[in-house]
Amino acid sequence: MSSPVPRHLNLVGGGWVDGDRRANTNPARPGETVSEYAQAGPETTRAAIAAARAAQPGWARRPVAERMALLDRIGTAVLARVDELAVLLAREEGKLLAEARGEVTRAGQTFRYYAHQLLQPAGEVYASIRENVHAEVRRRPLGVVGVVTPWNYPLAIPAWKVAPALAYGNTVVLKPAELVPASAGELARIIVDAGAPPGVFNLVFGAGRVVGEELLTSPDVDGVSFTGGVDTGAHVARQCLAHGNKRFQLEMGGKNPLVVLDDADLAVAVGCALDGSFFSTGQRCTASSRIIVQAGIHDRFVAALAAAADALRVGDPLDPASQLGPVVSPDQLARNLDYVRIGADEGARVVAGGTHDPDAGQFMRPTLFADARSDMRLAREEIFGPVSCVLRVEDLDEAVAVANDTAYGLSAGIVTTSLAAAERFKRDARAGIVTVNLPTAGTELHLPFGGTGASNHGPREQGTYARDFYTVPVTCYTGW
Ligand SMILES: NC(=O)C1=CN([C@@H]2O[C@H](COP(=O)(O)OP(=O)(O)OC[C@H]3O[C@@H](n4cnc5c(N)ncnc54)[C@H](OP(=O)(O)O)[C@@H]3O)[C@@H](O)[C@H]2O)C=CC1
Ligand SMILES: O=C(O)CCC(=O)C(=O)O
């Protein structure tokens with residue numbers, strides 16, 4: 001007998017609220033339903049916002065020990081269910097089981113990290129220029145926070161937004177991406193079971209243009225933390241400014257360069273490029289989608305990377321032998337294949353993958369182009385799939401110029417054995433995250449995360465930097 005399909009409802013003021021049901025399917029087995037979820041619609045979303053508004057002052061006044069204990073219980077509960085949640089995540093997003101386990105673990109650790117952040121100093125004391133005046137800066141919660149998240153990290157991204165928001169005394173309405181409702185639904189159950197007071201955390205499912213839009217336009221939402229595409233991010237920004245001048249934080253796309261210099265260790269370079277370009281099916285905003293290679297190592301590198309890409313086993317994420325899972329959706333697959341055509345039309349040369357067998361469903365071979373140029377769409381536009389390209393350069397100066405020739409600026413990497421080249425790259429690469437002899441993807445939960453240019457707007461996420469978005473500094477002068 002097959003087990004029942006899990007069902008996820010909206011969470012509003014501590015109660016579970018039904019709505020039009022939709023099926024959430026497995027990208028590896030498109031006919032298979034992973035879960036059902038209830039769409040919120042505008043009315044339920046407004047009720048969730050009202051519940052968050054009502055709960056916020058009380059939550060902010062709870063003793064720090066209570067907020068800490070809640071976050072710690074949430075983190076512990078997530079960590080206790082790593083295997084089960086990883087299977088769910090792999091089935092709804094298509095991430096390999098090992099990667100999914102890593103993501104669930106990171107989500108649990110993130111809640112525990114912010115529990116302990118509450119024991120850090122909460123403000124600063126300054127000397128006053130005036131006599132008999134005490135000057136200090138305190139932090140106040142932002143208020144009600146709308147959290148809007150993408151599909152590629154269904155648990156980690158909600159966790160790294162929701163955990164600091166709750167820790168610093170805010171209440172939350174989370175709207176996850178429509179493609180991945182189940183991970184968010186399980187997180188909501190964990191938060192309720194951990195004892196969150198009603199209204200402190202709310203969850204609404206549904207289309208961004210309906211449910212998300214309510215969060216952007218409501219006068220009762222004080223700030224929106226968004227991760228997603230650049231066009232959606234620009235819309236979020238416009239709406240937040242137009243509707244109450246809300247605070248907003250945008251983490252968006254990337255077209256991240258990986259530079260390989262002649263003095264690089266070839267195996268390290270190939271390993272970094274393979275991981276950065278193709279792991280997680282290239283569905284990472286920190287993916288290396290431009291590989292900038294110096295002429296002396298170029299041909300050996302391209303041949304070795306193409307062979308390594310061709311050798312990757314593409315298959316079901318639940319099969320431990322698989323090294324690459326499916327593309328998340330038919331739309332994303334069509335986009336990837338469009339860019340494969342665009343790259344070929346622009347004159348880049350396919351050296352791995354490049355064709356798609358319709359019988360393969362949403363499984364796509366990793367595709368590598370050589371002979372790309374910086375002015376090609378292939379090298380300028382974010383694809384968000386297992387498609388990467390190699391650009392040849394003569395020296396470090398040209399490599400840095402090509403690396404910086406982008407509107408984005410999330411992550412940038414270099415593979416070199418030269419300390420001087422590495423230091424120069426850390427200084428000159430225009431990106432929020434710079435790696436040396438490591439893939440451009442794969443960051444740590446206690447360090448700031450974010451980019452420059454079109455990749456980011458607003459304060460950094462994660463680590464201690466997260467506090468800057470979720471709190472408002474209040475400067476207090478006391479005369480005596
Ligand atoms: N820099 C970073 O940290 C990261 C950036 N990304 C970026 O995310 C993108 C892929 O994710 P994807 O989910 O497709 O991105 P989208 O921008 O399409 O969607 C992101 C979220 O915004 C919602 N949304 C869509 N329209 C609106 C609207 N009008 N108002 C409010 N919310 C809305 C979506 O809802 P719905 O699901 O209904 O569409 C989804 O929850 C890539 O471009 C990638 O670069 C991804 C991960 C990390
Ligand atoms: O590796 C990470 O830390 C996740 C970054 C991320 O969100 C992404 O690459 O899409």
# chains A, B, ... in the order shown; residues from 1 in each chain; ligands from 1
$ closest_atom_pairs --of "region 164-207 of chain A" --to "region 37-57 of chain A" --cutoff "10 Å" --atoms "only C-alpha atoms" --output "JSON lines"
{"residue": "A:Leu166", "atom": "CA", "partner": "A:Gln56", "partner_atom": "CA", "distance": 9.7}
{"residue": "A:Gly169", "atom": "CA", "partner": "A:Gln56", "partner_atom": "CA", "distance": 7.3}
{"residue": "A:Asn170", "atom": "CA", "partner": "A:Gln56", "partner_atom": "CA", "distance": 6.1}
{"residue": "A:Thr171", "atom": "CA", "partner": "A:Gln56", "partner_atom": "CA", "distance": 5.4}
{"residue": "A:Val172", "atom": "CA", "partner": "A:Ala52", "partner_atom": "CA", "distance": 6.3}
{"residue": "A:Val173", "atom": "CA", "partner": "A:Ile49", "partner_atom": "CA", "distance": 6.5}
{"residue": "A:Leu174", "atom": "CA", "partner": "A:Ala48", "partner_atom": "CA", "distance": 9.5}
{"residue": "A:Lys175", "atom": "CA", "partner": "A:Thr45", "partner_atom": "CA", "distance": 9.3}
{"residue": "A:Glu178", "atom": "CA", "partner": "A:Gln39", "partner_atom": "CA", "distance": 9.4}
{"residue": "A:Val180", "atom": "CA", "partner": "A:Tyr37", "partner_atom": "CA", "distance": 9.9}
{"residue": "A:Pro181", "atom": "CA", "partner": "A:Tyr37", "partner_atom": "CA", "distance": 6.8}
{"residue": "A:Ala182", "atom": "CA", "partner": "A:Tyr37", "partner_atom": "CA", "distance": 7.6}
{"residue": "A:Gly185", "atom": "CA", "partner": "A:Tyr37", "partner_atom": "CA", "distance": 8.4}
{"residue": "A:Pro197", "atom": "CA", "partner": "A:Ala55", "partner_atom": "CA", "distance": 8.0}
{"residue": "A:Pro198", "atom": "CA", "partner": "A:Ala55", "partner_atom": "CA", "distance": 7.2}
{"residue": "A:Gly199", "atom": "CA", "partner": "A:Ala52", "partner_atom": "CA", "distance": 4.8}
{"residue": "A:Val200", "atom": "CA", "partner": "A:Ala52", "partner_atom": "CA", "distance": 5.7}
{"residue": "A:Phe201", "atom": "CA", "partner": "A:Ala52", "partner_atom": "CA", "distance": 7.0}
{"residue": "A:Asn202", "atom": "CA", "partner": "A:Ala48", "partner_atom": "CA", "distance": 6.0}
{"residue": "A:Leu203", "atom": "CA", "partner": "A:Ala48", "partner_atom": "CA", "distance": 7.5}
{"residue": "A:Val204", "atom": "CA", "partner": "A:Ala40", "partner_atom": "CA", "distance": 5.6}
{"residue": "A:Phe205", "atom": "CA", "partner": "A:Gln39", "partner_atom": "CA", "distance": 5.0}
{"residue": "A:Gly206", "atom": "CA", "partner": "A:Gln39", "partner_atom": "CA", "distance": 4.8}
{"residue": "A:Ala207", "atom": "CA", "partner": "A:Gln39", "partner_atom": "CA", "distance": 8.1}
$ residues_around --residues "Val148 (chain A)" --least-positions-apart "4" --cutoff "8 Å" --atoms "only C-alpha atoms" --output "list in words"
Leu174, Lys175, Pro176, Ala177, Gly212, Val224, Ser225, Phe226 and Thr227 of chain A
$ write_last_selection --atoms "N, CA, C and O atoms" --output "mmCIF file, in the first residue's frame"
data_model
loop_
_atom_site.group_PDB
_atom_site.id
_atom_site.type_symbol
_atom_site.label_atom_id
_atom_site.label_comp_id
_atom_site.auth_asym_id
_atom_site.auth_seq_id
_atom_site.Cartn_x
_atom_site.Cartn_y
_atom_site.Cartn_z
ATOM 1 N N LEU A 174 5.933 34.008 5.750
ATOM 2 C CA LEU A 174 6.791 33.393 4.719
ATOM 3 C C LEU A 174 5.949 32.999 3.515
ATOM 4 O O LEU A 174 4.932 32.329 3.642
ATOM 5 N N LYS A 175 6.422 33.410 2.319
ATOM 6 C CA LYS A 175 5.825 32.929 1.067
ATOM 7 C C LYS A 175 6.922 32.200 0.276
ATOM 8 O O LYS A 175 7.798 32.821 -0.336
ATOM 9 N N PRO A 176 6.892 30.866 0.302
ATOM 10 C CA PRO A 176 7.915 30.116 -0.427
ATOM 11 C C PRO A 176 7.589 30.056 -1.919
ATOM 12 O O PRO A 176 6.459 30.350 -2.325
ATOM 13 N N ALA A 177 8.560 29.655 -2.730
ATOM 14 C CA ALA A 177 8.313 29.504 -4.176
ATOM 15 C C ALA A 177 7.285 28.405 -4.400
ATOM 16 O O ALA A 177 7.273 27.389 -3.687
ATOM 17 N N GLY A 212 2.452 36.949 -2.952
ATOM 18 C CA GLY A 212 3.640 37.779 -2.713
ATOM 19 C C GLY A 212 3.291 39.248 -2.791
ATOM 20 O O GLY A 212 3.751 40.067 -1.978
ATOM 21 N N VAL A 224 10.616 43.595 3.626
ATOM 22 C CA VAL A 224 10.541 42.380 2.820
ATOM 23 C C VAL A 224 11.965 41.895 2.553
ATOM 24 O O VAL A 224 12.808 42.655 2.064
ATOM 25 N N SER A 225 12.226 40.638 2.891
ATOM 26 C CA SER A 225 13.500 40.015 2.543
ATOM 27 C C SER A 225 13.225 39.057 1.392
ATOM 28 O O SER A 225 12.443 38.122 1.521
ATOM 29 N N PHE A 226 13.870 39.307 0.266
ATOM 30 C CA PHE A 226 13.567 38.594 -0.977
ATOM 31 C C PHE A 226 14.819 37.948 -1.529
ATOM 32 O O PHE A 226 15.885 38.571 -1.553
ATOM 33 N N THR A 227 14.696 36.718 -2.001
ATOM 34 C CA THR A 227 15.733 36.105 -2.843
ATOM 35 C C THR A 227 15.045 35.574 -4.085
ATOM 36 O O THR A 227 14.021 34.889 -3.989
#
$ residues_near_ligand --ligand "ligand 2" --cutoff "9 Å" --atoms "only C-alpha atoms and all ligand atoms" --output "mmCIF file with C-alpha atoms, in the first residue's frame"
data_model
loop_
_atom_site.group_PDB
_atom_site.id
_atom_site.type_symbol
_atom_site.label_atom_id
_atom_site.label_comp_id
_atom_site.auth_asym_id
_atom_site.auth_seq_id
_atom_site.Cartn_x
_atom_site.Cartn_y
_atom_site.Cartn_z
ATOM 1 C CA GLU A 103 20.985 21.738 3.200
ATOM 2 C CA PRO A 150 13.091 30.980 -4.435
ATOM 3 C CA ASN A 152 16.616 26.333 -5.336
ATOM 4 C CA TYR A 153 17.249 26.167 -1.557
ATOM 5 C CA ALA A 156 18.189 26.810 3.781
ATOM 6 C CA ILE A 157 17.053 30.169 2.391
ATOM 7 C CA THR A 227 15.733 36.105 -2.843
ATOM 8 C CA GLY A 228 15.028 35.422 -6.487
ATOM 9 C CA GLU A 251 19.485 38.777 -3.077
ATOM 10 C CA MET A 252 19.354 38.079 -6.776
ATOM 11 C CA GLY A 253 21.188 36.373 -9.597
ATOM 12 C CA GLY A 254 24.784 36.007 -10.645
ATOM 13 C CA GLY A 282 23.836 24.551 -12.013
ATOM 14 C CA GLN A 283 20.818 25.873 -10.119
ATOM 15 C CA ARG A 284 22.779 28.069 -7.727
ATOM 16 C CA CYS A 285 23.061 31.825 -7.841
ATOM 17 C CA THR A 286 26.739 31.302 -6.947
ATOM 18 C CA ALA A 287 27.317 28.868 -9.863
ATOM 19 C CA THR A 440 32.482 29.911 -6.438
ATOM 20 C CA ALA A 441 29.547 28.141 -4.738
ATOM 21 C CA GLY A 442 29.336 26.716 -1.228
ATOM 22 C CA THR A 443 29.204 29.288 1.539
ATOM 23 C CA GLU A 444 29.062 29.069 5.325
ATOM 24 C CA LEU A 445 26.142 30.051 7.526
ATOM 25 C CA PHE A 449 26.363 36.451 2.113
#
$ closest_residue --among "A:Asn456, A:Thr471, A:Asn256, A:Ser280" --to "Ala379 (chain A)" --atoms "only C-alpha atoms"
A:Asn256
$ residues_around --residues "Thr435 (chain A)" --least-positions-apart "3" --cutoff "10 Å" --atoms "only C-alpha atoms" --output "PyMOL selection string"
chain A and resi 258+411-415+422+425-426+438-443
$ write_last_selection --atoms "C-alpha atoms" --output "compact mmCIF listing (two decimals), in the first residue's frame"
# COMPACT_ATOMS: atom_id res chain seq x y z
CA LEU A 258 36.01 31.43 -12.21
CA SER A 411 30.73 35.48 -6.31
CA ALA A 412 34.06 35.26 -8.18
CA GLY A 413 36.83 32.67 -7.94
CA ILE A 414 40.42 32.21 -8.99
CA VAL A 415 42.53 29.06 -9.26
CA ALA A 422 45.28 35.56 -5.37
CA PHE A 425 42.07 39.05 -7.29
CA LYS A 426 40.66 39.42 -3.77
CA LEU A 438 37.67 26.73 -4.19
CA PRO A 439 34.42 26.64 -6.17
CA THR A 440 32.48 29.91 -6.44
CA ALA A 441 29.55 28.14 -4.74
CA GLY A 442 29.34 26.72 -1.23
CA THR A 443 29.20 29.29 1.54
$ decode --residues "region 435-447 of chain A" --atoms "all heavy atoms" --output "PDB file, in the first residue's frame"
ATOM      1  N   THR A 435      36.554  33.616  -3.904  1.00  0.00           N
ATOM      2  CA  THR A 435      37.151  32.347  -3.476  1.00  0.00           C
ATOM      3  C   THR A 435      38.490  32.137  -4.189  1.00  0.00           C
ATOM      4  O   THR A 435      38.673  32.585  -5.323  1.00  0.00           O
ATOM      5  CB  THR A 435      36.222  31.146  -3.784  1.00  0.00           C
ATOM      6  OG1 THR A 435      36.089  31.021  -5.212  1.00  0.00           O
ATOM      7  CG2 THR A 435      34.852  31.325  -3.178  1.00  0.00           C
ATOM      8  N   VAL A 436      39.386  31.456  -3.511  1.00  0.00           N
ATOM      9  CA  VAL A 436      40.700  31.125  -4.081  1.00  0.00           C
ATOM     10  C   VAL A 436      40.883  29.620  -3.969  1.00  0.00           C
ATOM     11  O   VAL A 436      40.786  29.059  -2.854  1.00  0.00           O
ATOM     12  CB  VAL A 436      41.825  31.860  -3.326  1.00  0.00           C
ATOM     13  CG1 VAL A 436      43.190  31.461  -3.889  1.00  0.00           C
ATOM     14  CG2 VAL A 436      41.631  33.365  -3.390  1.00  0.00           C
ATOM     15  N   ASN A 437      41.102  28.979  -5.089  1.00  0.00           N
ATOM     16  CA  ASN A 437      41.280  27.513  -5.147  1.00  0.00           C
ATOM     17  C   ASN A 437      40.097  26.750  -4.550  1.00  0.00           C
ATOM     18  O   ASN A 437      40.262  25.649  -4.006  1.00  0.00           O
ATOM     19  CB  ASN A 437      42.603  27.092  -4.473  1.00  0.00           C
ATOM     20  CG  ASN A 437      43.801  27.672  -5.208  1.00  0.00           C
ATOM     21  OD1 ASN A 437      43.762  27.804  -6.434  1.00  0.00           O
ATOM     22  ND2 ASN A 437      44.832  28.041  -4.490  1.00  0.00           N
ATOM     23  N   LEU A 438      38.928  27.355  -4.636  1.00  0.00           N
ATOM     24  CA  LEU A 438      37.672  26.726  -4.195  1.00  0.00           C
ATOM     25  C   LEU A 438      36.589  27.084  -5.215  1.00  0.00           C
ATOM     26  O   LEU A 438      36.706  28.098  -5.906  1.00  0.00           O
ATOM     27  CB  LEU A 438      37.259  27.264  -2.821  1.00  0.00           C
ATOM     28  CG  LEU A 438      38.100  26.822  -1.625  1.00  0.00           C
ATOM     29  CD1 LEU A 438      37.717  27.621  -0.389  1.00  0.00           C
ATOM     30  CD2 LEU A 438      37.922  25.324  -1.364  1.00  0.00           C
ATOM     31  N   PRO A 439      35.526  26.279  -5.261  1.00  0.00           N
ATOM     32  CA  PRO A 439      34.424  26.636  -6.173  1.00  0.00           C
ATOM     33  C   PRO A 439      33.802  27.986  -5.790  1.00  0.00           C
ATOM     34  O   PRO A 439      33.887  28.405  -4.627  1.00  0.00           O
ATOM     35  CB  PRO A 439      33.409  25.502  -5.977  1.00  0.00           C
ATOM     36  CG  PRO A 439      34.169  24.394  -5.343  1.00  0.00           C
ATOM     37  CD  PRO A 439      35.277  25.014  -4.552  1.00  0.00           C
ATOM     38  N   THR A 440      33.151  28.633  -6.742  1.00  0.00           N
ATOM     39  CA  THR A 440      32.482  29.911  -6.438  1.00  0.00           C
ATOM     40  C   THR A 440      31.232  29.687  -5.585  1.00  0.00           C
ATOM     41  O   THR A 440      30.682  30.650  -5.037  1.00  0.00           O
ATOM     42  CB  THR A 440      32.072  30.648  -7.729  1.00  0.00           C
ATOM     43  OG1 THR A 440      31.247  29.771  -8.513  1.00  0.00           O
ATOM     44  CG2 THR A 440      33.276  31.096  -8.535  1.00  0.00           C
ATOM     45  N   ALA A 441      30.750  28.458  -5.522  1.00  0.00           N
ATOM     46  CA  ALA A 441      29.547  28.141  -4.738  1.00  0.00           C
ATOM     47  C   ALA A 441      29.950  27.396  -3.473  1.00  0.00           C
ATOM     48  O   ALA A 441      31.006  26.777  -3.426  1.00  0.00           O
ATOM     49  CB  ALA A 441      28.604  27.274  -5.561  1.00  0.00           C
ATOM     50  N   GLY A 442      29.062  27.464  -2.464  1.00  0.00           N
ATOM     51  CA  GLY A 442      29.336  26.716  -1.228  1.00  0.00           C
ATOM     52  C   GLY A 442      29.807  27.658  -0.141  1.00  0.00           C
ATOM     53  O   GLY A 442      31.012  27.827   0.068  1.00  0.00           O
ATOM     54  N   THR A 443      28.848  28.284   0.539  1.00  0.00           N
ATOM     55  CA  THR A 443      29.204  29.288   1.539  1.00  0.00           C
ATOM     56  C   THR A 443      28.844  28.785   2.941  1.00  0.00           C
ATOM     57  O   THR A 443      28.207  27.740   3.082  1.00  0.00           O
ATOM     58  CB  THR A 443      28.479  30.613   1.244  1.00  0.00           C
ATOM     59  OG1 THR A 443      27.077  30.363   1.341  1.00  0.00           O
ATOM     60  CG2 THR A 443      28.813  31.120  -0.148  1.00  0.00           C
ATOM     61  N   GLU A 444      29.256  29.526   3.946  1.00  0.00           N
ATOM     62  CA  GLU A 444      29.062  29.069   5.325  1.00  0.00           C
ATOM     63  C   GLU A 444      28.076  29.977   6.058  1.00  0.00           C
ATOM     64  O   GLU A 444      28.045  31.192   5.810  1.00  0.00           O
ATOM     65  CB  GLU A 444      30.412  29.018   6.035  1.00  0.00           C
ATOM     66  CG  GLU A 444      31.350  28.057   5.320  1.00  0.00           C
ATOM     67  CD  GLU A 444      32.693  27.875   6.002  1.00  0.00           C
ATOM     68  OE1 GLU A 444      32.784  28.101   7.220  1.00  0.00           O
ATOM     69  OE2 GLU A 444      33.643  27.490   5.300  1.00  0.00           O
ATOM     70  N   LEU A 445      27.297  29.361   6.946  1.00  0.00           N
ATOM     71  CA  LEU A 445      26.142  30.051   7.526  1.00  0.00           C
ATOM     72  C   LEU A 445      26.497  31.207   8.449  1.00  0.00           C
ATOM     73  O   LEU A 445      25.662  32.061   8.715  1.00  0.00           O
ATOM     74  CB  LEU A 445      25.249  29.048   8.272  1.00  0.00           C
ATOM     75  CG  LEU A 445      25.819  28.383   9.526  1.00  0.00           C
ATOM     76  CD1 LEU A 445      25.445  29.158  10.781  1.00  0.00           C
ATOM     77  CD2 LEU A 445      25.294  26.963   9.631  1.00  0.00           C
ATOM     78  N   HIS A 446      27.751  31.246   8.948  1.00  0.00           N
ATOM     79  CA  HIS A 446      28.100  32.288   9.921  1.00  0.00           C
ATOM     80  C   HIS A 446      28.885  33.433   9.286  1.00  0.00           C
ATOM     81  O   HIS A 446      29.381  34.298  10.001  1.00  0.00           O
ATOM     82  CB  HIS A 446      28.875  31.676  11.083  1.00  0.00           C
ATOM     83  CG  HIS A 446      30.162  31.026  10.668  1.00  0.00           C
ATOM     84  ND1 HIS A 446      30.225  30.042   9.723  1.00  0.00           N
ATOM     85  CD2 HIS A 446      31.435  31.241  11.053  1.00  0.00           C
ATOM     86  CE1 HIS A 446      31.466  29.672   9.546  1.00  0.00           C
ATOM     87  NE2 HIS A 446      32.224  30.393  10.335  1.00  0.00           N
ATOM     88  N   LEU A 447      28.984  33.426   7.946  1.00  0.00           N
ATOM     89  CA  LEU A 447      29.679  34.531   7.264  1.00  0.00           C
ATOM     90  C   LEU A 447      28.682  35.307   6.412  1.00  0.00           C
ATOM     91  O   LEU A 447      27.705  34.732   5.921  1.00  0.00           O
ATOM     92  CB  LEU A 447      30.800  33.989   6.370  1.00  0.00           C
ATOM     93  CG  LEU A 447      32.132  33.763   7.089  1.00  0.00           C
ATOM     94  CD1 LEU A 447      32.169  32.412   7.766  1.00  0.00           C
ATOM     95  CD2 LEU A 447      33.288  33.896   6.120  1.00  0.00           C
TER      96      LEU A 447
END
